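Reproduced below: query_7.txt, with compact mmCIF, C-alpha atoms and all ligand atoms.
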```txt
# COMPACT_ATOMS: atom_id res chain seq x y z
CA ILE A 1064 9.72 32.18 -61.64
CA GLN A 1065 6.18 33.54 -61.57
CA THR A 1066 4.45 33.60 -58.20
CA LEU A 1067 2.46 30.46 -57.47
CA PRO A 1068 0.94 28.90 -54.33
CA PRO A 1069 3.72 27.48 -52.12
CA MET A 1070 3.46 23.79 -53.07
CA GLU A 1071 3.26 24.46 -56.78
CA LEU A 1072 6.07 26.98 -56.54
CA ALA A 1073 8.22 24.40 -54.74
CA GLU A 1074 7.46 21.72 -57.32
CA LYS A 1075 8.30 24.07 -60.16
CA TYR A 1076 11.50 25.21 -58.43
CA PHE A 1077 12.71 21.66 -57.84
CA ARG A 1078 11.90 20.71 -61.45
CA ILE A 1079 14.29 23.47 -62.52
CA PHE A 1080 16.90 22.77 -59.79
CA PRO A 1081 16.58 19.04 -58.99
CA GLU A 1082 20.01 18.95 -57.36
CA GLU A 1083 18.70 21.23 -54.61
CA MET A 1084 16.17 18.66 -53.41
CA ASP A 1085 18.89 17.33 -51.16
CA PRO A 1086 19.41 20.13 -48.65
CA LEU A 1087 22.79 21.53 -47.73
CA TRP A 1088 22.35 23.32 -44.42
CA GLN A 1089 24.35 26.48 -43.89
CA ASN A 1090 24.81 28.60 -40.81
CA PRO A 1091 21.97 31.19 -41.00
CA CYS A 1092 24.22 33.81 -39.39
CA HIS A 1093 26.79 33.58 -42.18
CA ASP A 1094 24.43 35.10 -44.75
CA LYS A 1095 22.64 38.37 -44.03
CA ARG A 1096 19.58 37.35 -46.05
CA HIS A 1097 19.22 34.20 -43.96
CA LYS A 1098 19.93 35.96 -40.70
CA ASP A 1099 17.27 38.56 -41.41
CA ILE A 1100 14.55 35.92 -41.66
CA TRP A 1101 15.97 33.71 -38.84
CA SER A 1102 13.80 33.89 -35.73
CA LYS A 1103 14.98 36.44 -33.18
CA GLU A 1104 14.53 33.80 -30.49
CA LYS A 1105 17.16 31.59 -32.10
CA THR A 1106 20.90 31.77 -31.86
CA CYS A 1107 23.71 30.48 -34.06
CA ASP A 1108 25.87 29.80 -31.04
CA ARG A 1109 24.45 26.34 -30.33
CA LEU A 1110 26.74 24.70 -32.85
CA PRO A 1111 29.89 22.71 -32.12
CA LYS A 1112 33.32 24.26 -32.57
CA LEU A 1113 34.96 20.85 -32.80
CA LEU A 1114 34.08 17.57 -34.50
CA VAL A 1115 35.76 14.32 -33.54
CA ILE A 1116 35.17 12.38 -36.74
CA GLY A 1117 36.52 8.93 -35.93
CA PRO A 1118 36.97 6.45 -37.48
CA GLN A 1119 35.24 3.86 -35.31
CA LYS A 1120 37.34 1.71 -32.97
CA THR A 1121 40.33 4.02 -32.79
CA GLY A 1122 39.76 5.20 -29.22
CA THR A 1123 37.13 7.86 -29.96
CA SER A 1124 35.18 7.18 -26.73
CA ALA A 1125 38.33 7.57 -24.65
CA LEU A 1126 39.09 10.85 -26.42
CA HIS A 1127 35.50 11.97 -25.89
CA SER A 1128 35.66 11.24 -22.17
CA PHE A 1129 39.07 12.92 -21.77
CA LEU A 1130 37.90 16.06 -23.60
CA THR A 1131 34.86 16.43 -21.34
CA LEU A 1132 37.14 16.57 -18.27
CA HIS A 1133 38.25 20.00 -19.44
CA PRO A 1134 36.30 22.79 -17.71
CA ALA A 1135 35.78 24.78 -20.94
CA ILE A 1136 34.93 21.81 -23.19
CA THR A 1137 31.37 20.50 -23.37
CA SER A 1138 29.92 17.68 -25.39
CA ASN A 1139 26.42 17.43 -26.85
CA PHE A 1140 23.51 16.06 -24.82
CA PRO A 1141 23.32 12.30 -25.49
CA SER A 1142 21.07 11.10 -28.27
CA PRO A 1143 18.43 8.60 -27.11
CA VAL A 1144 18.74 6.79 -30.44
CA THR A 1145 22.49 6.46 -30.98
CA PHE A 1146 23.65 6.67 -27.34
CA GLU A 1147 26.07 9.55 -27.06
CA GLU A 1148 26.56 10.10 -30.78
CA ILE A 1149 24.32 12.47 -32.72
CA GLN A 1150 25.26 11.18 -36.18
CA PHE A 1151 23.80 14.22 -37.88
CA PHE A 1152 25.88 14.70 -41.01
CA ASN A 1153 26.07 11.08 -42.14
CA GLY A 1154 22.55 9.71 -42.31
CA PRO A 1155 18.80 10.34 -42.20
CA ASN A 1156 19.16 12.69 -39.19
CA TYR A 1157 20.53 15.31 -41.56
CA HIS A 1158 17.03 15.71 -42.95
CA ASN A 1159 15.74 16.66 -39.49
CA GLY A 1160 17.33 20.05 -40.07
CA ILE A 1161 19.58 22.34 -38.08
CA ASP A 1162 17.12 23.14 -35.29
CA TRP A 1163 17.13 19.42 -34.50
CA TYR A 1164 20.94 19.44 -34.47
CA MET A 1165 21.25 22.61 -32.38
CA ASP A 1166 18.92 21.23 -29.72
CA PHE A 1167 21.70 18.79 -28.79
CA PHE A 1168 23.96 21.61 -27.66
CA PRO A 1169 23.74 23.77 -24.54
CA PHE A 1170 23.55 27.54 -24.75
CA PRO A 1171 27.16 28.57 -24.19
CA SER A 1172 27.66 30.68 -21.09
CA ASN A 1173 30.62 32.39 -22.75
CA VAL A 1174 30.58 32.20 -26.54
CA SER A 1175 34.23 33.01 -27.03
CA THR A 1176 35.79 30.66 -24.46
CA ASP A 1177 33.35 27.74 -24.31
CA PHE A 1178 34.19 24.86 -26.58
CA THR A 1179 31.34 22.58 -27.60
CA PHE A 1180 32.03 19.44 -29.56
CA GLU A 1181 30.45 16.28 -30.80
CA LYS A 1182 31.95 12.93 -31.67
CA SER A 1183 30.35 10.75 -34.32
CA ALA A 1184 32.85 8.14 -35.35
CA ASN A 1185 31.38 7.25 -38.72
CA TYR A 1186 31.71 10.81 -40.03
CA PHE A 1187 35.28 9.93 -41.01
CA ASP A 1188 34.50 7.57 -43.88
CA THR A 1189 30.99 8.64 -44.96
CA GLU A 1190 31.39 10.38 -48.28
CA VAL A 1191 28.87 13.21 -47.92
CA VAL A 1192 29.99 14.34 -44.47
CA PRO A 1193 32.94 16.70 -45.15
CA LYS A 1194 30.93 18.77 -47.62
CA ARG A 1195 27.90 18.95 -45.33
CA ALA A 1196 29.99 19.72 -42.26
CA ALA A 1197 31.87 22.47 -44.08
CA ALA A 1198 28.62 24.09 -45.23
CA LEU A 1199 27.30 24.39 -41.67
CA LEU A 1200 30.51 24.58 -39.64
CA PRO A 1201 33.12 26.13 -41.93
CA ARG A 1202 35.27 27.24 -38.99
CA ALA A 1203 35.04 24.05 -36.93
CA LYS A 1204 38.19 22.26 -35.85
CA ILE A 1205 38.36 18.65 -36.93
CA LEU A 1206 40.08 15.83 -35.10
CA ALA A 1207 40.74 12.39 -36.57
CA LEU A 1208 42.29 9.49 -34.65
CA LEU A 1209 44.34 6.89 -36.46
CA ILE A 1210 45.57 3.51 -35.24
CA ASN A 1211 47.02 0.70 -37.32
CA PRO A 1212 44.15 -0.10 -39.72
CA VAL A 1213 44.87 -3.82 -39.24
CA ASP A 1214 44.02 -3.53 -35.52
CA ARG A 1215 41.09 -1.26 -36.25
CA ALA A 1216 39.60 -3.87 -38.58
CA TYR A 1217 40.01 -6.60 -35.95
CA SER A 1218 38.51 -4.44 -33.21
CA TRP A 1219 35.51 -3.78 -35.45
CA TYR A 1220 35.08 -7.52 -36.08
CA GLN A 1221 35.22 -8.16 -32.31
CA HIS A 1222 32.72 -5.37 -31.77
CA GLN A 1223 30.31 -7.05 -34.19
CA ARG A 1224 30.77 -10.42 -32.46
CA ALA A 1225 30.05 -8.80 -29.10
CA HIS A 1226 26.85 -7.41 -30.65
CA GLN A 1227 25.86 -10.93 -31.74
CA ASP A 1228 26.21 -10.21 -35.46
CA PRO A 1229 25.62 -13.73 -36.83
CA VAL A 1230 28.03 -13.21 -39.73
CA ALA A 1231 30.86 -12.27 -37.36
CA ILE A 1232 29.97 -15.15 -35.03
CA ASN A 1233 29.86 -17.73 -37.83
CA HIS A 1234 33.06 -16.66 -39.57
CA THR A 1235 36.62 -16.31 -38.38
CA PHE A 1236 38.27 -12.93 -38.85
CA HIS A 1237 40.48 -14.52 -41.50
CA GLU A 1238 37.42 -15.67 -43.44
CA VAL A 1239 35.92 -12.20 -43.22
CA VAL A 1240 38.92 -10.31 -44.54
CA THR A 1241 39.90 -12.82 -47.23
CA ALA A 1242 36.38 -13.44 -48.62
CA GLY A 1243 36.27 -13.17 -52.42
CA PRO A 1244 33.60 -11.59 -54.63
CA SER A 1245 31.52 -14.79 -54.71
CA ALA A 1246 30.97 -14.73 -50.93
CA SER A 1247 27.53 -13.95 -49.50
CA LYS A 1248 26.33 -10.35 -49.50
CA GLU A 1249 26.29 -10.30 -45.68
CA LEU A 1250 29.89 -11.48 -45.47
CA LEU A 1251 31.01 -8.87 -47.99
CA THR A 1252 29.16 -6.15 -46.09
CA LEU A 1253 30.98 -7.09 -42.89
CA GLN A 1254 34.27 -7.25 -44.80
CA ASN A 1255 33.65 -3.79 -46.22
CA ARG A 1256 32.82 -2.32 -42.83
CA SER A 1257 35.94 -3.89 -41.34
CA LEU A 1258 38.32 -2.82 -44.08
CA LYS A 1259 37.07 0.35 -45.77
CA PRO A 1260 37.49 2.90 -42.96
CA GLY A 1261 41.18 1.86 -42.77
CA ALA A 1262 41.95 3.30 -46.21
CA TYR A 1263 42.82 6.41 -44.25
CA ALA A 1264 44.36 8.58 -46.95
CA THR A 1265 41.35 8.25 -49.26
CA HIS A 1266 38.99 9.47 -46.55
CA LEU A 1267 41.33 12.17 -45.28
CA GLU A 1268 41.68 13.65 -48.77
CA ARG A 1269 37.93 14.33 -48.83
CA TRP A 1270 38.18 16.19 -45.52
CA LEU A 1271 41.24 18.13 -46.64
CA VAL A 1272 39.26 19.74 -49.46
CA HIS A 1273 37.41 21.69 -46.77
CA TYR A 1274 39.46 21.67 -43.57
CA GLN A 1275 42.90 21.58 -42.04
CA LEU A 1276 42.67 18.53 -39.82
CA HIS A 1277 44.43 17.65 -36.62
CA ILE A 1278 45.43 14.02 -37.04
CA VAL A 1279 46.03 12.24 -33.77
CA ASP A 1280 48.00 9.05 -33.17
CA GLY A 1281 45.42 6.81 -31.49
CA THR A 1282 48.09 4.37 -30.29
CA LEU A 1283 49.79 7.22 -28.45
CA LEU A 1284 46.46 8.33 -27.02
CA ARG A 1285 46.15 4.85 -25.57
CA SER A 1286 49.67 4.66 -24.13
CA ASN A 1287 50.30 8.31 -23.20
CA PRO A 1288 47.04 10.25 -23.21
CA ALA A 1289 48.41 13.21 -21.23
CA LEU A 1290 50.90 13.95 -24.01
CA VAL A 1291 48.23 13.74 -26.70
CA MET A 1292 45.74 15.83 -24.73
CA ASP A 1293 48.38 18.55 -24.38
CA SER A 1294 48.81 18.75 -28.15
CA ILE A 1295 45.02 18.74 -28.64
CA GLN A 1296 44.61 21.61 -26.18
CA ARG A 1297 47.22 23.60 -28.09
CA PHE A 1298 45.46 22.83 -31.38
CA LEU A 1299 42.13 23.99 -29.96
CA GLY A 1300 43.62 27.06 -28.30
CA VAL A 1301 41.54 26.33 -25.25
CA THR A 1302 42.18 27.79 -21.80
CA PRO A 1303 43.02 27.00 -19.07
CA ILE A 1304 45.45 24.22 -20.00
CA LEU A 1305 44.29 21.19 -18.03
CA ASN A 1306 47.03 19.02 -16.56
CA TYR A 1307 46.00 15.57 -17.80
CA THR A 1308 48.85 13.91 -15.93
CA GLN A 1309 46.85 14.76 -12.83
CA ALA A 1310 43.41 14.23 -14.34
CA LEU A 1311 44.06 10.66 -15.50
CA VAL A 1312 45.25 7.47 -13.82
CA PHE A 1313 46.34 4.13 -15.30
CA ASP A 1314 44.14 1.27 -14.11
CA GLU A 1315 46.12 -1.98 -13.99
CA GLY A 1316 43.00 -4.18 -13.94
CA LYS A 1317 41.48 -2.52 -16.99
CA GLY A 1318 44.85 -2.05 -18.69
CA PHE A 1319 43.91 1.46 -19.81
CA TRP A 1320 44.06 5.08 -18.71
CA CYS A 1321 40.97 6.30 -16.91
CA GLN A 1322 39.65 9.44 -15.28
CA ARG A 1323 41.12 10.01 -11.80
CA LEU A 1324 38.29 10.72 -9.35
CA GLU A 1325 38.70 12.53 -6.04
CA GLY A 1326 40.76 10.36 -3.75
CA GLY A 1327 42.60 8.87 -6.74
CA ARG A 1328 40.06 6.18 -7.65
CA PRO A 1329 39.80 5.46 -11.39
CA LYS A 1330 36.64 5.86 -13.42
CA CYS A 1331 37.13 3.87 -16.60
CA LEU A 1332 35.12 3.41 -19.76
CA GLY A 1333 32.67 0.47 -19.78
CA LYS A 1334 33.35 -3.14 -20.73
CA SER A 1335 32.67 -2.51 -24.41
CA LYS A 1336 35.79 -0.31 -24.60
CA GLY A 1337 38.99 -2.26 -24.19
CA ARG A 1338 37.50 -5.71 -24.76
CA LYS A 1339 39.42 -8.88 -24.04
CA TYR A 1340 39.79 -11.12 -27.08
CA PRO A 1341 42.42 -13.45 -28.51
CA GLU A 1342 45.31 -12.03 -30.50
CA MET A 1343 44.95 -11.92 -34.26
CA THR A 1344 46.65 -14.87 -35.95
CA PRO A 1345 50.03 -14.01 -37.54
CA GLU A 1346 48.66 -15.26 -40.86
CA THR A 1347 45.76 -12.79 -40.84
CA ARG A 1348 48.01 -9.97 -39.68
CA ALA A 1349 50.41 -10.65 -42.55
CA PHE A 1350 47.52 -10.70 -45.03
CA LEU A 1351 46.17 -7.38 -43.79
CA THR A 1352 49.57 -5.73 -43.56
CA GLU A 1353 49.97 -6.41 -47.24
CA TYR A 1354 46.38 -5.37 -47.96
CA TYR A 1355 46.96 -1.96 -46.36
CA GLN A 1356 50.49 -1.42 -47.67
CA GLU A 1357 49.52 0.86 -50.55
CA HIS A 1358 46.99 2.74 -48.39
CA ASN A 1359 49.64 3.28 -45.73
CA LEU A 1360 52.09 4.56 -48.31
CA GLU A 1361 49.46 7.04 -49.44
CA LEU A 1362 49.01 8.10 -45.83
CA LEU A 1363 52.77 8.56 -45.52
CA ARG A 1364 52.78 10.85 -48.58
CA LEU A 1365 49.77 12.76 -47.29
CA LEU A 1366 51.29 13.35 -43.84
CA ASN A 1367 54.61 14.38 -45.38
CA ARG A 1368 52.78 16.82 -47.64
CA LEU A 1369 51.01 18.31 -44.61
CA GLY A 1370 54.24 18.39 -42.63
CA GLN A 1371 52.63 16.29 -39.89
CA ALA A 1372 54.53 13.82 -37.73
CA LEU A 1373 54.16 10.15 -38.61
CA PRO A 1374 52.48 7.93 -36.02
CA THR A 1375 54.83 5.27 -34.66
CA TRP A 1376 52.55 2.47 -35.85
CA LEU A 1377 52.81 3.79 -39.42
CA ARG A 1378 56.62 3.86 -39.33
CA GLU A 1379 56.67 0.31 -37.95
CA GLU A 1380 54.13 -0.98 -40.44
CA LEU A 1381 56.02 0.51 -43.38
CA GLN A 1382 59.35 -0.78 -42.11
CA SER A 1383 57.95 -4.28 -41.82
CA THR A 1384 56.80 -4.27 -45.45
CA SER A 1385 59.72 -2.42 -47.08
P1 LIG B 1401 39.05 -2.62 -28.20
O1 LIG B 1401 37.82 -2.73 -27.33
O2 LIG B 1401 38.97 -3.40 -29.45
O3 LIG B 1401 40.33 -2.84 -27.42
P2 LIG B 1401 36.09 3.49 -29.99
O4 LIG B 1401 35.81 4.19 -28.71
O5 LIG B 1401 36.47 4.41 -31.10
O6 LIG B 1401 34.99 2.52 -30.33
O7 LIG B 1401 37.41 2.64 -29.77
C1 LIG B 1401 37.44 1.56 -28.87
C2 LIG B 1401 38.89 1.24 -28.62
O8 LIG B 1401 39.50 2.29 -27.86
C3 LIG B 1401 39.11 0.01 -27.78
O9 LIG B 1401 39.15 -1.07 -28.66
C4 LIG B 1401 40.44 0.30 -27.05
O10 LIG B 1401 41.52 -0.46 -27.54
C5 LIG B 1401 40.72 1.77 -27.36
N1 LIG B 1401 41.09 2.60 -26.23
C6 LIG B 1401 42.07 3.54 -26.26
N2 LIG B 1401 42.19 4.15 -25.08
C7 LIG B 1401 41.26 3.60 -24.27
C8 LIG B 1401 40.92 3.82 -22.89
N3 LIG B 1401 41.54 4.74 -22.16
N4 LIG B 1401 39.92 3.06 -22.36
C9 LIG B 1401 39.31 2.12 -23.11
N5 LIG B 1401 39.59 1.88 -24.43
C10 LIG B 1401 40.56 2.61 -25.00
```
Let me see the structure of the file written as structure tokens.
Ligand code: A3P
Amino acid sequence: IQTLPPMELAEKYFRIFPEEMDPLWQNPCHDKRHKDIWSKEKTCDRLPKLLVIGPQKTGTSALHSFLTLHPAITSNFPSPVTFEEIQFFNGPNYHNGIDWYMDFFPFPSNVSTDFTFEKSANYFDTEVVPKRAAALLPRAKILALLINPVDRAYSWYQHQRAHQDPVAINHTFHEVVTAGPSASKELLTLQNRSLKPGAYATHLERWLVHYQLHIVDGTLLRSNPALVMDSIQRFLGVTPILNYTQALVFDEGKGFWCQRLEGGRPKCLGKSKGRKYPEMTPETRAFLTEYYQEHNLELLRLLNRLGQALPTWLREELQSTS
């Protein structure tokens, strides 16, 4: 390329390489040429070492709050736009660039022992995310939480109702999940957002191209978080090992495990986590169990291939359909 003024040079470059118009951010410190032109005032240490990728409604907020109890684990500063989630890799924020992303993270006081993380629950099923995450954070640890996709879909529907989504308010859950192709666009969008993240194996395969994941049983996190947090600490290799049996307490009123404050009082997640709603009808559960059967079988094969333990809900779901 001959030398031209910057704008013309850029236009010419992108005419030759149109696929590069969509950026793919890499860690400037992983390439000497980039590092040499990276400002001396900047650091590459303000990047997370762990991503909690979701999917939504599997207990990701509980996991987030439990992780932050650990003295060496720190989350990002909250985003004013998306509450605590940054949602960098999945949407328009990606185009804000890596300085924007790094500003969400504290300067680590000890680079080798501090563990920063972020949780954005829709990373799990957004197609572009694994590739983008791997370009910037090739050594990050990745945690995914899985519950029965049938319950996940229902929790999502209830979440939408609680947020006054008119489609969720005007349709029963059964109508949402059974809607056929001639249904309204809005209904099909809600159906898609209820059902698609639950095709776990399809989404996991995209992540496995780039990472070895730690797949966590979200049902076990709900019933026995101390056990799950122990295995997560081992996976992260974080020290000291926090005793979550002491750090957490079961709150009978809430019906969930919560942080144990000084004096033993519980500090639970807010009302939007662990909502009260009627049980799913057996008819809808049967429909969805069948709907997810093939996806669950794929998940079984995937977990067997990886040599990972099967979540109890998956065993039960497969037994009920075999
Ligand atoms: P429901 O509100 O439908 O019961 P997420 O944080 O990913 O949005 O997931 C929300 C779900 O986390 C809740 O769904 C709840 O069942 C589950 N959960 C698991 N452990 C929890 C805990 N300790 N406190 C509150 N909710 C918890």
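Selection of all polymer residues within 6 Å of ligand LIG 1401 (chain B) on the basis of all atoms listed in the file gives Gln1119, Lys1120, Thr1121, Gly1122, Thr1123, Ser1124, Ala1125, Ser1218, Arg1285, Phe1319, Trp1320, Cys1321, Leu1332, Ser1335, Lys1336, Gly1337 and Arg1338 of chain A.
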Using the selection just defined, write its residues with C-alpha atoms as a tab-separated table (two decimals), in the frame of the given file.
```
chain	number	residue	atom	x	y	z
A	1119	GLN	CA	35.24	3.86	-35.31
A	1120	LYS	CA	37.34	1.71	-32.97
A	1121	THR	CA	40.33	4.02	-32.79
A	1122	GLY	CA	39.76	5.20	-29.22
A	1123	THR	CA	37.13	7.86	-29.96
A	1124	SER	CA	35.18	7.18	-26.73
A	1125	ALA	CA	38.33	7.57	-24.65
A	1218	SER	CA	38.51	-4.44	-33.21
A	1285	ARG	CA	46.15	4.85	-25.57
A	1319	PHE	CA	43.91	1.46	-19.81
A	1320	TRP	CA	44.06	5.08	-18.71
A	1321	CYS	CA	40.97	6.30	-16.91
A	1332	LEU	CA	35.12	3.41	-19.76
A	1335	SER	CA	32.67	-2.51	-24.41
A	1336	LYS	CA	35.79	-0.31	-24.60
A	1337	GLY	CA	38.99	-2.26	-24.19
A	1338	ARG	CA	37.50	-5.71	-24.76
```
Worksheet item: Could you pull the residues within 7 Å of segment 1223-1237 of chain A, counting all atoms listed in the file, minus those fewer than 6 positions along the same chain, as a PyMOL selection string?
Response: chain A and resi 1249-1250+1347
Worksheet entry | Shell of 9 Å around Asn1211 of chain A, all atoms listed in the file, local chain residues under 5 positions omitted, as number ranges by chain | A: 1121, 1216, 1261, 1281-1282, 1376-1377, 1380
With the cut-off set at 10 Å and counting all atoms listed in the file, tabulate each residue of segment 1094-1182 of chain A with an atom at most that distance from an atom of segment 1292-1310 of chain A, showing the nearest atom pair and its distance in Å to one decimal, ordered by chain and increasing number, as a tab-separated table.
```
residue	atom	partner	partner_atom	distance
A:Lys1112	CA	A:Leu1299	CA	9.2
A:Leu1113	CA	A:Leu1299	CA	8.3
A:Leu1126	CA	A:Met1292	CA	8.5
A:Phe1129	CA	A:Met1292	CA	7.9
A:Leu1130	CA	A:Met1292	CA	7.9
A:Leu1132	CA	A:Ala1310	CA	7.8
A:His1133	CA	A:Leu1305	CA	6.3
A:Pro1134	CA	A:Pro1303	CA	8.0
A:Ala1135	CA	A:Thr1302	CA	7.1
A:Ile1136	CA	A:Val1301	CA	8.3
A:Thr1176	CA	A:Val1301	CA	7.2
A:Asp1177	CA	A:Val1301	CA	8.4
A:Phe1178	CA	A:Val1301	CA	7.6
```
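With distances restricted to all atoms listed in the file, A:Arg1348 is the closest residue to Asp1214 of chain A from A:Arg1348, A:Lys1194, A:Arg1202, A:Arg1368.
In this model, the gap between atom CA of Leu1283 of chain A and atom CA of Pro1141 of chain A comes to 27.1 Å.
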Worksheet item: For His1158 of chain A, which residue among A:Asp1099, A:Glu1190, A:Glu1104, A:Asp1085 is the nearest when counting all atoms listed in the file?
Response: A:Asp1085
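Residues with any atom within 12 Å of Lys1339 of chain A, counting all atoms listed in the file and excluding same-chain neighbours fewer than 5 positions away, are Ser1218, Gln1221, His1222, Ala1225, Gly1316, Lys1317, Gly1318 and Lys1334 of chain A.
Shortest separation to Ile1161 of chain A among A:Thr1352, A:Asn1255, A:Thr1131, A:Thr1106 occurs at residue A:Thr1106, atoms counted being all atoms listed in the file.
Relative to atom CA of Trp1270 of chain A, atom CA of Phe1152 of chain A is found at 13.2 Å.
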Item to complete: Might you pull out every residue within 9 Å of Leu1360 of chain A, with all atoms listed in the file counted and same-chain residues fewer than 4 positions away left off, and present them as a ChimeraX atom specification?
Response: /A:1264,1355-1356,1364-1365,1377,1381
Response to the item:
One decimal place gives the atom CA of Glu1357 of chain A-atom CA of Val1191 of chain A separation as 24.2 Å
May I have the residues within 12 Å of Val1272 of chain A as a PDB file with C-alpha atoms, keeping the file's coordinate frame, using only C-alpha atoms and disregarding those fewer than 2 positions away in the same chain?
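Output file part_22.pdb is given in full below:
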```
ATOM      1  CA  VAL A1192      29.990  14.340 -44.470  1.00  0.00           C
ATOM      2  CA  PRO A1193      32.940  16.700 -45.150  1.00  0.00           C
ATOM      3  CA  LYS A1194      30.930  18.770 -47.620  1.00  0.00           C
ATOM      4  CA  ALA A1196      29.990  19.720 -42.260  1.00  0.00           C
ATOM      5  CA  ALA A1197      31.870  22.470 -44.080  1.00  0.00           C
ATOM      6  CA  PRO A1201      33.120  26.130 -41.930  1.00  0.00           C
ATOM      7  CA  THR A1265      41.350   8.250 -49.260  1.00  0.00           C
ATOM      8  CA  HIS A1266      38.990   9.470 -46.550  1.00  0.00           C
ATOM      9  CA  LEU A1267      41.330  12.170 -45.280  1.00  0.00           C
ATOM     10  CA  GLU A1268      41.680  13.650 -48.770  1.00  0.00           C
ATOM     11  CA  ARG A1269      37.930  14.330 -48.830  1.00  0.00           C
ATOM     12  CA  TRP A1270      38.180  16.190 -45.520  1.00  0.00           C
ATOM     13  CA  TYR A1274      39.460  21.670 -43.570  1.00  0.00           C
ATOM     14  CA  GLN A1275      42.900  21.580 -42.040  1.00  0.00           C
ATOM     15  CA  LEU A1276      42.670  18.530 -39.820  1.00  0.00           C
TER      16      LEU A1276
END
```
